[in-house]
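One file, upload.cif, carrying mmCIF, C-alpha atoms:
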data_target
#
loop_
_atom_site.group_PDB
_atom_site.id
_atom_site.type_symbol
_atom_site.label_atom_id
_atom_site.label_comp_id
_atom_site.auth_asym_id
_atom_site.auth_seq_id
_atom_site.Cartn_x
_atom_site.Cartn_y
_atom_site.Cartn_z
ATOM 1 C CA MET A 12 139.965 33.806 -121.279
ATOM 2 C CA LYS A 13 142.940 35.602 -119.717
ATOM 3 C CA LYS A 14 142.883 39.374 -119.895
ATOM 4 C CA ILE A 15 145.349 42.161 -119.210
ATOM 5 C CA PRO A 16 144.691 43.381 -115.652
ATOM 6 C CA ARG A 17 143.544 46.975 -115.210
ATOM 7 C CA ILE A 18 146.648 47.893 -113.227
ATOM 8 C CA PHE A 19 148.740 50.909 -114.247
ATOM 9 C CA HIS A 20 152.469 51.054 -113.538
ATOM 10 C CA PHE A 21 154.823 54.022 -113.275
ATOM 11 C CA VAL A 22 158.597 53.842 -112.735
ATOM 12 C CA PHE A 23 160.350 56.750 -111.062
ATOM 13 C CA GLY A 24 163.363 57.732 -108.987
ATOM 14 C CA LEU A 25 166.143 55.648 -110.526
ATOM 15 C CA ARG A 26 168.474 58.486 -109.604
ATOM 16 C CA PRO A 27 168.595 60.654 -106.448
ATOM 17 C CA GLN A 28 165.737 63.162 -106.259
ATOM 18 C CA THR A 29 167.172 66.674 -105.966
ATOM 19 C CA GLU A 30 163.954 68.456 -107.012
ATOM 20 C CA PRO A 31 160.396 68.094 -105.719
ATOM 21 C CA PHE A 32 157.885 65.920 -107.545
ATOM 22 C CA HIS A 33 156.647 68.088 -110.400
ATOM 23 C CA LEU A 34 153.113 69.137 -111.282
ATOM 24 C CA ILE A 35 153.439 67.366 -114.639
ATOM 25 C CA HIS A 36 153.977 64.057 -112.826
ATOM 26 C CA TYR A 37 151.022 64.672 -110.533
ATOM 27 C CA LEU A 38 148.809 65.384 -113.559
ATOM 28 C CA CYS A 39 150.023 62.235 -115.299
ATOM 29 C CA ILE A 40 148.810 60.040 -112.441
ATOM 30 C CA ALA A 41 145.692 62.123 -111.743
ATOM 31 C CA SER A 42 144.645 61.917 -115.407
ATOM 32 C CA CYS A 43 145.355 58.179 -115.414
ATOM 33 C CA MET A 44 143.015 57.657 -112.466
ATOM 34 C CA GLY A 45 140.386 60.081 -113.750
ATOM 35 C CA ILE A 46 140.241 58.703 -117.299
ATOM 36 C CA ASN A 47 140.904 54.984 -116.857
ATOM 37 C CA LYS A 48 139.473 54.206 -113.386
ATOM 38 C CA PRO A 49 142.158 51.541 -112.774
ATOM 39 C CA ASP A 50 141.873 48.733 -110.243
ATOM 40 C CA ALA A 51 145.268 49.829 -108.895
ATOM 41 C CA VAL A 52 148.116 52.243 -109.636
ATOM 42 C CA MET A 53 151.538 50.854 -108.748
ATOM 43 C CA PHE A 54 154.415 53.288 -108.303
ATOM 44 C CA HIS A 55 157.815 51.611 -108.597
ATOM 45 C CA CYS A 56 160.834 53.613 -107.424
ATOM 46 C CA GLN A 57 164.329 53.422 -105.962
ATOM 47 C CA HIS A 58 164.669 56.964 -104.560
ATOM 48 C CA MET A 59 161.437 58.257 -103.035
ATOM 49 C CA PRO A 60 159.855 61.451 -104.429
ATOM 50 C CA TRP A 61 159.097 64.368 -102.157
ATOM 51 C CA GLY A 62 157.260 67.704 -102.221
ATOM 52 C CA HIS A 63 153.779 69.223 -102.307
ATOM 53 C CA TRP A 64 152.503 67.412 -105.424
ATOM 54 C CA TRP A 65 153.838 64.081 -104.219
ATOM 55 C CA ASP A 66 152.092 64.472 -100.881
ATOM 56 C CA ARG A 67 148.807 65.008 -102.743
ATOM 57 C CA ILE A 68 149.020 61.912 -104.957
ATOM 58 C CA ALA A 69 150.939 59.384 -102.836
ATOM 59 C CA PRO A 70 147.931 58.190 -100.760
ATOM 60 C CA TYR A 71 146.312 56.805 -103.931
ATOM 61 C CA LEU A 72 149.297 54.694 -104.998
ATOM 62 C CA GLN A 73 150.674 51.262 -104.200
ATOM 63 C CA LEU A 74 154.378 51.923 -103.592
ATOM 64 C CA ARG A 75 156.962 49.303 -104.527
ATOM 65 C CA LYS A 76 160.712 49.557 -103.961
ATOM 66 C CA ILE A 77 162.910 48.485 -106.888
ATOM 67 C CA GLU A 78 166.645 48.056 -107.321
ATOM 68 C CA PRO A 79 168.534 49.158 -110.455
ATOM 69 C CA ASP A 80 169.582 46.520 -112.967
ATOM 70 C CA LYS A 81 173.235 45.534 -112.457
ATOM 71 C CA PHE A 82 174.069 45.229 -116.161
ATOM 72 C CA ILE A 83 172.826 48.722 -117.055
ATOM 73 C CA SER A 84 174.271 50.186 -113.832
ATOM 74 C CA SER A 85 177.779 49.052 -114.786
ATOM 75 C CA PHE A 86 177.570 49.684 -118.549
ATOM 76 C CA SER A 87 180.310 51.948 -119.945
ATOM 77 C CA TYR A 88 178.809 54.528 -122.327
ATOM 78 C CA ASN A 89 180.794 55.775 -125.315
ATOM 79 C CA ASP A 90 178.641 58.910 -125.531
ATOM 80 C CA PRO A 91 178.501 60.869 -122.243
ATOM 81 C CA ALA A 92 175.509 62.856 -123.548
ATOM 82 C CA ILE A 93 173.510 59.616 -123.509
ATOM 83 C CA GLY A 94 175.237 58.278 -120.416
ATOM 84 C CA LYS A 95 173.666 60.999 -118.290
ATOM 85 C CA TYR A 96 170.310 59.363 -119.069
ATOM 86 C CA ARG A 97 171.352 56.006 -117.604
ATOM 87 C CA HIS A 98 168.272 56.185 -115.367
ATOM 88 C CA ALA A 99 166.069 55.981 -118.491
ATOM 89 C CA HIS A 100 167.796 52.767 -119.596
ATOM 90 C CA LEU A 101 167.418 51.352 -116.095
ATOM 91 C CA SER A 102 163.712 52.053 -116.467
ATOM 92 C CA ASP A 103 163.655 50.255 -119.834
ATOM 93 C CA ILE A 104 164.586 47.050 -117.984
ATOM 94 C CA ALA A 105 162.387 47.683 -114.949
ATOM 95 C CA ARG A 106 159.209 48.246 -116.975
ATOM 96 C CA LEU A 107 159.571 44.931 -118.787
ATOM 97 C CA GLU A 108 160.233 43.038 -115.558
ATOM 98 C CA ILE A 109 157.152 44.677 -114.030
ATOM 99 C CA LEU A 110 154.880 43.752 -116.941
ATOM 100 C CA ILE A 111 156.187 40.190 -116.941
ATOM 101 C CA LYS A 112 155.503 39.845 -113.210
ATOM 102 C CA TYR A 113 152.210 41.725 -112.796
ATOM 103 C CA GLY A 114 150.814 42.448 -116.233
ATOM 104 C CA GLY A 115 148.887 45.662 -116.828
ATOM 105 C CA ILE A 116 149.684 48.989 -118.449
ATOM 106 C CA TYR A 117 153.029 50.776 -118.239
ATOM 107 C CA ALA A 118 153.372 54.457 -119.159
ATOM 108 C CA ASP A 119 156.207 56.937 -118.748
ATOM 109 C CA ILE A 120 155.443 59.477 -116.076
ATOM 110 C CA ASP A 121 155.569 62.281 -118.663
ATOM 111 C CA THR A 122 152.275 61.043 -120.108
ATOM 112 C CA LEU A 123 148.847 62.677 -120.112
ATOM 113 C CA PHE A 124 145.812 60.420 -120.440
ATOM 114 C CA ILE A 125 143.103 61.594 -122.844
ATOM 115 C CA ASN A 126 140.497 58.893 -123.502
ATOM 116 C CA ASP A 127 139.829 55.577 -121.786
ATOM 117 C CA LEU A 128 141.257 52.443 -123.371
ATOM 118 C CA PRO A 129 138.905 50.262 -125.427
ATOM 119 C CA ASP A 130 137.914 46.958 -123.824
ATOM 120 C CA ARG A 131 139.391 45.097 -126.790
ATOM 121 C CA PHE A 132 142.908 46.214 -125.786
ATOM 122 C CA PHE A 133 142.679 44.116 -122.621
ATOM 123 C CA GLU A 134 142.125 40.911 -124.622
ATOM 124 C CA TYR A 135 145.431 41.120 -126.509
ATOM 125 C CA GLU A 136 148.544 39.464 -125.103
ATOM 126 C CA PHE A 137 150.678 42.581 -125.592
ATOM 127 C CA VAL A 138 150.135 46.066 -127.063
ATOM 128 C CA MET A 139 152.516 48.802 -128.230
ATOM 129 C CA GLY A 140 152.176 51.816 -130.526
ATOM 130 C CA MET A 141 154.021 53.078 -133.571
ATOM 131 C CA GLU A 142 156.029 56.300 -133.300
ATOM 132 C CA LYS A 143 157.656 58.641 -135.804
ATOM 133 C CA VAL A 144 160.939 57.101 -136.951
ATOM 134 C CA ASP A 145 164.200 58.933 -136.387
ATOM 135 C CA TRP A 146 165.873 57.996 -139.665
ATOM 136 C CA MET A 147 169.076 59.699 -138.535
ATOM 137 C CA ALA A 148 169.611 56.920 -135.969
ATOM 138 C CA ALA A 149 171.985 54.220 -137.177
ATOM 139 C CA ALA A 150 169.624 51.387 -136.219
ATOM 140 C CA ALA A 151 166.604 52.899 -138.000
ATOM 141 C CA LYS A 152 167.438 51.645 -141.500
ATOM 142 C CA ASP A 153 167.840 48.068 -140.304
ATOM 143 C CA ALA A 154 164.671 48.184 -138.207
ATOM 144 C CA ARG A 155 162.453 49.940 -140.810
ATOM 145 C CA GLY A 156 160.049 51.055 -138.091
ATOM 146 C CA SER A 157 159.766 52.038 -134.436
ATOM 147 C CA LEU A 158 157.533 51.006 -131.521
ATOM 148 C CA CYS A 159 157.970 53.319 -128.545
ATOM 149 C CA ASN A 160 158.315 51.643 -125.144
ATOM 150 C CA ALA A 161 157.035 54.759 -123.332
ATOM 151 C CA TRP A 162 153.629 53.026 -123.393
ATOM 152 C CA MET A 163 153.085 49.248 -123.229
ATOM 153 C CA MET A 164 150.443 46.895 -121.922
ATOM 154 C CA GLY A 165 150.445 43.145 -121.575
ATOM 155 C CA MET A 166 149.329 40.011 -119.808
ATOM 156 C CA PRO A 167 151.580 38.659 -117.046
ATOM 157 C CA ASP A 168 154.456 36.556 -118.387
ATOM 158 C CA SER A 169 153.660 37.408 -122.011
ATOM 159 C CA ASP A 170 155.848 35.843 -124.699
ATOM 160 C CA PHE A 171 156.589 39.218 -126.302
ATOM 161 C CA ALA A 172 157.714 40.905 -123.068
ATOM 162 C CA ARG A 173 159.951 37.962 -122.128
ATOM 163 C CA LEU A 174 161.584 37.878 -125.559
ATOM 164 C CA LEU A 175 162.020 41.656 -125.622
ATOM 165 C CA LEU A 176 163.774 41.561 -122.240
ATOM 166 C CA VAL A 177 166.189 38.827 -123.351
ATOM 167 C CA ARG A 178 166.952 40.546 -126.632
ATOM 168 C CA THR A 179 167.390 43.914 -124.893
ATOM 169 C CA TYR A 180 170.316 42.523 -122.928
ATOM 170 C CA GLU A 181 171.758 40.978 -126.085
ATOM 171 C CA SER A 182 171.465 44.126 -128.218
ATOM 172 C CA PHE A 183 172.066 46.935 -125.710
ATOM 173 C CA ASP A 184 174.796 49.207 -127.089
ATOM 174 C CA GLY A 185 174.375 52.392 -125.076
ATOM 175 C CA THR A 186 172.494 54.292 -127.785
ATOM 176 C CA TRP A 187 169.225 56.023 -126.957
ATOM 177 C CA SER A 188 166.683 53.915 -128.814
ATOM 178 C CA ALA A 189 168.208 50.903 -130.605
ATOM 179 C CA HIS A 190 166.965 48.531 -127.892
ATOM 180 C CA SER A 191 163.885 50.464 -126.766
ATOM 181 C CA THR A 192 162.073 51.320 -130.014
ATOM 182 C CA PHE A 193 163.737 49.686 -133.031
ATOM 183 C CA LEU A 194 164.179 46.281 -131.394
ATOM 184 C CA PRO A 195 160.491 45.866 -130.453
ATOM 185 C CA TYR A 196 159.491 46.794 -134.010
ATOM 186 C CA ARG A 197 161.751 44.069 -135.412
ATOM 187 C CA LEU A 198 160.359 41.565 -132.925
ATOM 188 C CA SER A 199 156.794 42.550 -133.835
ATOM 189 C CA CYS A 200 157.585 41.636 -137.454
ATOM 190 C CA GLU A 201 159.117 38.324 -136.381
ATOM 191 C CA HIS A 202 156.244 37.414 -134.049
ATOM 192 C CA PRO A 203 153.095 39.262 -135.203
ATOM 193 C CA ASP A 204 150.845 36.843 -133.290
ATOM 194 C CA TRP A 205 152.413 37.880 -129.979
ATOM 195 C CA ILE A 206 151.643 41.601 -130.166
ATOM 196 C CA HIS A 207 148.966 44.043 -131.310
ATOM 197 C CA VAL A 208 150.414 47.251 -132.802
ATOM 198 C CA GLU A 209 148.439 50.486 -132.644
ATOM 199 C CA PRO A 210 148.955 53.369 -135.116
ATOM 200 C CA GLN A 211 150.998 56.381 -134.046
ATOM 201 C CA ARG A 212 147.858 58.403 -133.351
ATOM 202 C CA SER A 213 146.803 56.234 -130.413
ATOM 203 C CA PHE A 214 149.671 57.051 -128.020
ATOM 204 C CA PHE A 215 152.131 59.286 -129.887
ATOM 205 C CA PHE A 216 149.901 61.723 -131.778
ATOM 206 C CA TYR A 217 152.450 64.440 -130.955
ATOM 207 C CA ASP A 218 155.912 63.309 -131.994
ATOM 208 C CA TRP A 219 159.359 64.123 -130.598
ATOM 209 C CA THR A 220 160.168 66.883 -133.119
ATOM 210 C CA GLY A 221 160.077 70.605 -132.385
ATOM 211 C CA ASP A 222 156.735 70.849 -134.178
ATOM 212 C CA GLY A 223 155.345 68.071 -132.014
ATOM 213 C CA ILE A 224 156.483 69.603 -128.739
ATOM 214 C CA ARG A 225 155.301 73.081 -129.700
ATOM 215 C CA GLY A 226 151.981 71.516 -130.658
ATOM 216 C CA ILE A 227 151.597 70.223 -127.106
ATOM 217 C CA PHE A 228 152.579 73.320 -125.159
ATOM 218 C CA GLU A 229 152.089 76.292 -127.491
ATOM 219 C CA LYS A 230 149.209 75.484 -129.859
ATOM 220 C CA THR A 231 145.509 74.857 -129.326
ATOM 221 C CA LYS A 232 143.971 71.393 -129.101
ATOM 222 C CA PRO A 233 143.106 69.641 -132.384
ATOM 223 C CA ASN A 234 140.677 66.751 -132.804
ATOM 224 C CA LEU A 235 141.949 63.975 -130.527
ATOM 225 C CA ASP A 236 139.381 61.266 -131.219
ATOM 226 C CA ASN A 237 140.987 57.817 -130.888
ATOM 227 C CA VAL A 238 143.946 59.307 -129.018
ATOM 228 C CA TYR A 239 144.243 57.531 -125.681
ATOM 229 C CA SER A 240 147.235 59.335 -124.217
ATOM 230 C CA ILE A 241 149.976 61.720 -125.287
ATOM 231 C CA HIS A 242 153.661 61.330 -124.532
ATOM 232 C CA LEU A 243 155.340 64.596 -123.573
ATOM 233 C CA TRP A 244 159.006 63.803 -124.428
ATOM 234 C CA SER A 245 160.167 65.712 -121.332
ATOM 235 C CA HIS A 246 163.858 64.851 -121.754
ATOM 236 C CA LEU A 247 163.855 67.059 -124.882
ATOM 237 C CA TRP A 248 162.625 70.284 -123.206
ATOM 238 C CA TRP A 249 162.759 69.936 -119.395
ATOM 239 C CA ASP A 250 166.017 71.872 -118.967
ATOM 240 C CA ARG A 251 165.673 75.620 -119.638
ATOM 241 C CA ASN A 252 169.066 75.548 -121.369
ATOM 242 C CA ARG A 253 167.887 73.101 -124.008
ATOM 243 C CA THR A 254 166.239 75.110 -126.783
ATOM 244 C CA ASP A 255 166.673 72.983 -129.920
ATOM 245 C CA THR A 256 163.037 71.824 -129.849
ATOM 246 C CA SER A 257 161.268 74.542 -127.840
ATOM 247 C CA TYR A 258 161.828 77.432 -125.439
ATOM 248 C CA PHE A 259 159.260 75.821 -123.142
ATOM 249 C CA HIS A 260 160.730 74.192 -120.033
ATOM 250 C CA ALA A 261 159.685 72.667 -116.716
ATOM 251 C CA GLY A 262 159.769 76.003 -114.910
ATOM 252 C CA ARG A 263 156.980 77.308 -117.147
ATOM 253 C CA LEU A 264 154.587 74.460 -116.418
ATOM 254 C CA THR A 265 152.913 76.031 -113.408
ATOM 255 C CA PRO A 266 149.391 75.681 -111.963
ATOM 256 C CA GLU A 267 148.553 79.043 -113.573
ATOM 257 C CA TYR A 268 149.771 77.818 -116.968
ATOM 258 C CA VAL A 269 147.509 74.769 -116.762
ATOM 259 C CA LYS A 270 144.582 76.827 -115.503
ATOM 260 C CA PHE A 271 144.696 79.729 -117.983
ATOM 261 C CA SER A 272 146.771 78.759 -121.033
ATOM 262 C CA ARG A 273 144.965 77.958 -124.293
ATOM 263 C CA SER A 274 147.514 75.295 -125.230
ATOM 264 C CA ALA A 275 146.504 71.711 -125.950
ATOM 265 C CA TYR A 276 148.268 70.423 -122.844
ATOM 266 C CA ALA A 277 146.642 72.967 -120.549
ATOM 267 C CA GLU A 278 143.145 72.306 -121.885
ATOM 268 C CA LEU A 279 143.568 68.548 -121.555
ATOM 269 C CA ALA A 280 145.216 68.619 -118.106
ATOM 270 C CA ARG A 281 142.981 71.330 -116.586
ATOM 271 C CA PRO A 282 140.200 68.982 -115.385
ATOM 272 C CA PHE A 283 142.724 67.189 -113.164
ATOM 273 C CA LEU A 284 143.978 70.223 -111.253
ATOM 274 C CA PRO A 285 143.020 70.035 -107.566
ATOM 275 C CA LYS A 286 139.810 71.937 -106.842
ATOM 276 C CA ASP A 287 141.114 73.350 -103.557
ATOM 277 C CA VAL A 288 144.056 75.246 -105.106
ATOM 278 C CA SER A 289 143.684 78.958 -105.932
ATOM 279 C CA TYR A 290 144.927 80.262 -109.282
ATOM 280 C CA ASN A 291 145.948 83.847 -109.988
ATOM 281 C CA LEU A 292 145.358 85.291 -113.465
ATOM 282 C CA LEU A 293 147.705 88.222 -112.861
ATOM 283 C CA GLN A 294 150.423 85.762 -111.874
ATOM 284 C CA PHE A 295 149.860 83.927 -115.148
ATOM 285 C CA GLU A 296 150.147 87.152 -117.163
ATOM 286 C CA LEU A 297 153.395 87.973 -115.380
ATOM 287 C CA GLN A 298 154.672 84.472 -116.119
ATOM 288 C CA LYS A 299 153.879 84.993 -119.807
ATOM 289 C CA THR A 300 155.790 88.273 -119.802
ATOM 290 C CA ASN A 301 158.761 86.621 -118.118
ATOM 291 C CA ALA A 302 158.637 83.886 -120.747
ATOM 292 C CA PHE A 303 158.794 86.488 -123.521
ATOM 293 C CA LEU A 304 161.760 88.125 -121.822
ATOM 294 C CA GLU A 305 163.503 84.793 -121.497
ATOM 295 C CA ASN A 306 162.755 83.960 -125.137
ATOM 296 C CA GLY A 307 164.209 87.304 -126.135
ATOM 297 C CA ALA A 308 167.425 86.621 -124.274
ATOM 298 C CA LEU A 309 167.693 83.303 -126.085
ATOM 299 C CA ALA A 310 166.616 84.442 -129.552
ATOM 300 C CA GLY A 311 167.987 87.980 -129.765
ATOM 301 C CA LYS A 312 166.510 91.190 -131.181
ATOM 302 C CA LYS A 313 163.602 89.663 -133.109
ATOM 303 C CA TYR A 314 161.699 89.302 -129.836
ATOM 304 C CA LEU A 315 162.208 92.845 -128.526
ATOM 305 C CA GLY A 316 159.137 94.319 -130.237
ATOM 306 C CA LYS A 317 157.010 91.362 -129.233
ATOM 307 C CA ILE A 318 158.183 91.649 -125.615
ATOM 308 C CA HIS A 319 157.191 95.322 -125.474
ATOM 309 C CA ARG A 320 153.725 94.615 -126.900
ATOM 310 C CA GLN A 321 153.195 91.757 -124.455
ATOM 311 C CA SER A 322 154.180 93.948 -121.498
ATOM 312 C CA LYS A 323 151.799 96.733 -122.576
ATOM 313 C CA ASN A 324 148.939 94.269 -123.041
ATOM 314 C CA THR A 325 149.492 92.797 -119.595
ATOM 315 C CA LEU A 326 149.485 96.211 -117.930
ATOM 316 C CA ARG A 327 146.396 97.313 -119.871
ATOM 317 C CA LYS A 328 144.472 94.165 -118.971
ATOM 318 C CA PHE A 329 144.795 94.976 -115.287
ATOM 319 C CA GLY A 330 144.154 98.698 -115.636
ATOM 320 C CA ILE A 331 147.772 99.754 -115.080
ATOM 321 C CA ARG A 332 148.980 102.700 -117.131
ATOM 322 C CA GLU A 333 152.471 102.497 -118.584
ATOM 323 C CA LYS A 334 154.816 105.337 -117.603
ATOM 324 C CA SER A 335 155.759 107.668 -120.460
ATOM 325 C CA GLY A 336 159.401 107.850 -119.417
ATOM 326 C CA LYS A 337 159.481 111.649 -119.726
#
Once you've parsed the file, please lay out its structure as structure tokens.
Amino acid sequence: MKKIPRIFHFVFGLRPQTEPFHLIHYLCIASCMGINKPDAVMFHCQHMPWGHWWDRIAPYLQLRKIEPDKFISSFSYNDPAIGKYRHAHLSDIARLEILIKYGGIYADIDTLFINDLPDRFFEYEFVMGMEKVDWMAAAAKDARGSLCNAWMMGMPDSDFARLLLVRTYESFDGTWSAHSTFLPYRLSCEHPDWIHVEPQRSFFFYDWTGDGIRGIFEKTKPNLDNVYSIHLWSHLWWDRNRTDTSYFHAGRLTPEYVKFSRSAYAELARPFLPKDVSYNLLQFELQKTNAFLENGALAGKKYLGKIHRQSKNTLRKFGIREKSGK
């Protein structure tokens, strides 16, 4: 009997890399290898990553050069706010082509792996997971459900992946998710024998709302039995100027945050931090104080009292007396 190969695929660098490879991306791949023990990890990219965290993880990867899809590359977006994420739509095509050619497991690189996949998953032809539906999206009412393509696994040349690729080209309209989440749900209803659908808990326990994102980075870990990985929705919080879902941003996800924070993400990612890196608790406390200050600048006066208390607690913890100001 054919099985899905234990090969994991990541797609990256479909736009020029102006920033170093981030810790969150390192921890995605490190957790993948630590939890799933794959036969291979294939890293597909156009523009090569660079930086300290890339240098640490690159020796463990099979690198493959890819070229951007011509149709998506030349598509004219009506909404420039979505157009700036063209690289994500290029990846939507690339991941399907990769699964058709090689088979295996695809995951977005803003994923953290939690528990190893059950053996039964590898006997299905194709697997995707349900996600919370954005009923504000125009295509949601027609689709009546959503399967998120941030995590997929399949046999090489699977019927579902081939059909999804063809229909993606036919239905692509430049919106964020009509082709990537609503379309696969419709196809799963049309061809239920071609795909196994997992409940939302399996891969998207934390959803894309503000509550979901704060649950990942600001709240403690709940029971995560039968959760195999969590998607981090980085496009919704990466930029420090985007605050509609959270004040958390990429600059706050530091080695000290992962080492000392009590958040769900930190606790889950901590085992995959390199053992030869030193971590400074005082630095973490200073980072927390800076975060409060930044939150205050964004939120206004309601944070001023909280900022002062946080500063006093940090100083007291390290035996530093606050000046009276007299």
- Name the residues that the PyMOL selection byres ((chain A and resi 162-174) around 9) pulls out of this structure, and write them as a PyMOL selection string. chain A and resi 13-16+19+106-119+122+132-140+159-161+175-179+195+198-199+202+205-206+214+242
- Item | Nearest to Ser191 of chain A, chosen from A:Arg155, A:Val269, A:Trp219, A:Ala99, with only C-alpha atoms counted in the distances | A:Ala99
- Task: Please write the residues picked by the PyMOL selection byres ((chain A and resi 158) around 6) on this file as an NGL selection string.
- Result: :A and (140-142 or 157 or 159 or 192 or 196)
- Report as JSON, numbers by chain the residues that result from applying the PyMOL selection byres ((chain A and resi 128) around 10) to the structure here. {"A": [46, 47, 124, 125, 126, 127, 129, 130, 131, 132, 133, 213, 237, 238, 239, 240]}
- Task: Please determine the residues with any atom at most 9 Å from (159.5, 75.7, -121.2) (coordinates as given in the file, with only C-alpha atoms counting) and report them as an MDAnalysis selection string.
- Result: chainID A and resid 228 248:251 254 257:264 302
- Using all atoms listed in the file, pick whichever of A:His246, A:His33, A:Lys143, A:His58 has the shortest atom-to-atom distance to Gln211 of chain A. A:Lys143
Given 5 Å on each side, where is the centre and what are the edge lengths in Å to one decimal of the axis-aligned box enclosing the listed atoms of segment 282-294 of chain A, as JSON?
{"center_x": 145.1, "center_y": 77.7, "center_z": -109.5, "size_x": 20.6, "size_y": 31.0, "size_z": 21.8}
- Query: Can you tell me how far atom CA of Ala150 of chain A sits from atom CA of Trp187 of chain A, in Å to one decimal?
  - Reply: 10.4 Å
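Selecting by distance to (167.1, 57.3, -117.9) with a limit of 10 Å and using all atoms listed in the file, one obtains Phe23, Gly24, Leu25, Arg26, Ile93, Gly94, Lys95, Tyr96, Arg97, His98, Ala99, His100, Leu101, Ser102, Asp103, Trp187 and His246 of chain A.
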- Rank A:Pro266, A:Met147, A:Met53, A:Ala69 by their smallest atom-to-atom distance to Pro285 of chain A, using all atoms listed in the file, and report the top residue only. A:Pro266
- Task: May I ask for the distance between atom CA of Pro91 of chain A and atom CA of Ser188 of chain A, given in Å to one decimal place?
- Result: 15.2 Å
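Interatomic distance, atom CA of Lys270 of chain A to atom CA of Asn252 of chain A: 25.2 Å.
Distance annotation: of A:Gly226, A:Arg67, A:Gly307, A:Val288, the residue with the minimal separation from Glu267 of chain A is A:Val288; atom set is only C-alpha atoms.
Closest approach to Glu229 of chain A from the set A:Thr256, A:Ser274, A:Thr186, A:Thr265 is made by A:Ser274, with distances taken over all atoms listed in the file.
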- Query: Looking at A:Tyr276, A:Phe271, A:Phe32, A:Trp65, which one is nearest to Leu235 of chain A, with distances taken over all atoms listed in the file?
  - Reply: A:Tyr276
Please rebuild segment 276-288 of chain A with N, CA and C atoms and return the result as a compact mmCIF listing (two decimals), keeping the file's coordinate frame.
# COMPACT_ATOMS: atom_id res chain seq x y z
N TYR A 276 147.98 71.08 -124.12
CA TYR A 276 148.27 70.42 -122.84
C TYR A 276 147.43 71.02 -121.73
N ALA A 277 147.38 72.32 -121.64
CA ALA A 277 146.64 72.97 -120.55
C ALA A 277 145.17 72.60 -120.60
N GLU A 278 144.57 72.64 -121.78
CA GLU A 278 143.15 72.31 -121.88
C GLU A 278 142.88 70.87 -121.48
N LEU A 279 143.77 69.96 -121.86
CA LEU A 279 143.57 68.55 -121.56
C LEU A 279 143.86 68.22 -120.09
N ALA A 280 144.83 68.91 -119.49
CA ALA A 280 145.22 68.62 -118.11
C ALA A 280 144.36 69.36 -117.09
N ARG A 281 143.71 70.44 -117.51
CA ARG A 281 142.98 71.33 -116.59
C ARG A 281 141.95 70.60 -115.71
N PRO A 282 141.19 69.64 -116.23
CA PRO A 282 140.20 68.98 -115.38
C PRO A 282 140.79 68.24 -114.19
N PHE A 283 142.11 67.99 -114.22
CA PHE A 283 142.72 67.19 -113.16
C PHE A 283 143.50 68.03 -112.14
N LEU A 284 143.42 69.35 -112.29
CA LEU A 284 143.98 70.22 -111.25
C LEU A 284 143.16 70.08 -109.97
N PRO A 285 143.79 70.11 -108.82
CA PRO A 285 143.02 70.04 -107.57
C PRO A 285 142.04 71.19 -107.45
N LYS A 286 140.85 70.91 -106.96
CA LYS A 286 139.81 71.94 -106.84
C LYS A 286 140.07 72.90 -105.70
N ASP A 287 140.91 72.51 -104.74
CA ASP A 287 141.11 73.35 -103.56
C ASP A 287 142.32 74.28 -103.68
N VAL A 288 142.91 74.37 -104.89
CA VAL A 288 144.06 75.25 -105.11
C VAL A 288 143.57 76.52 -105.78
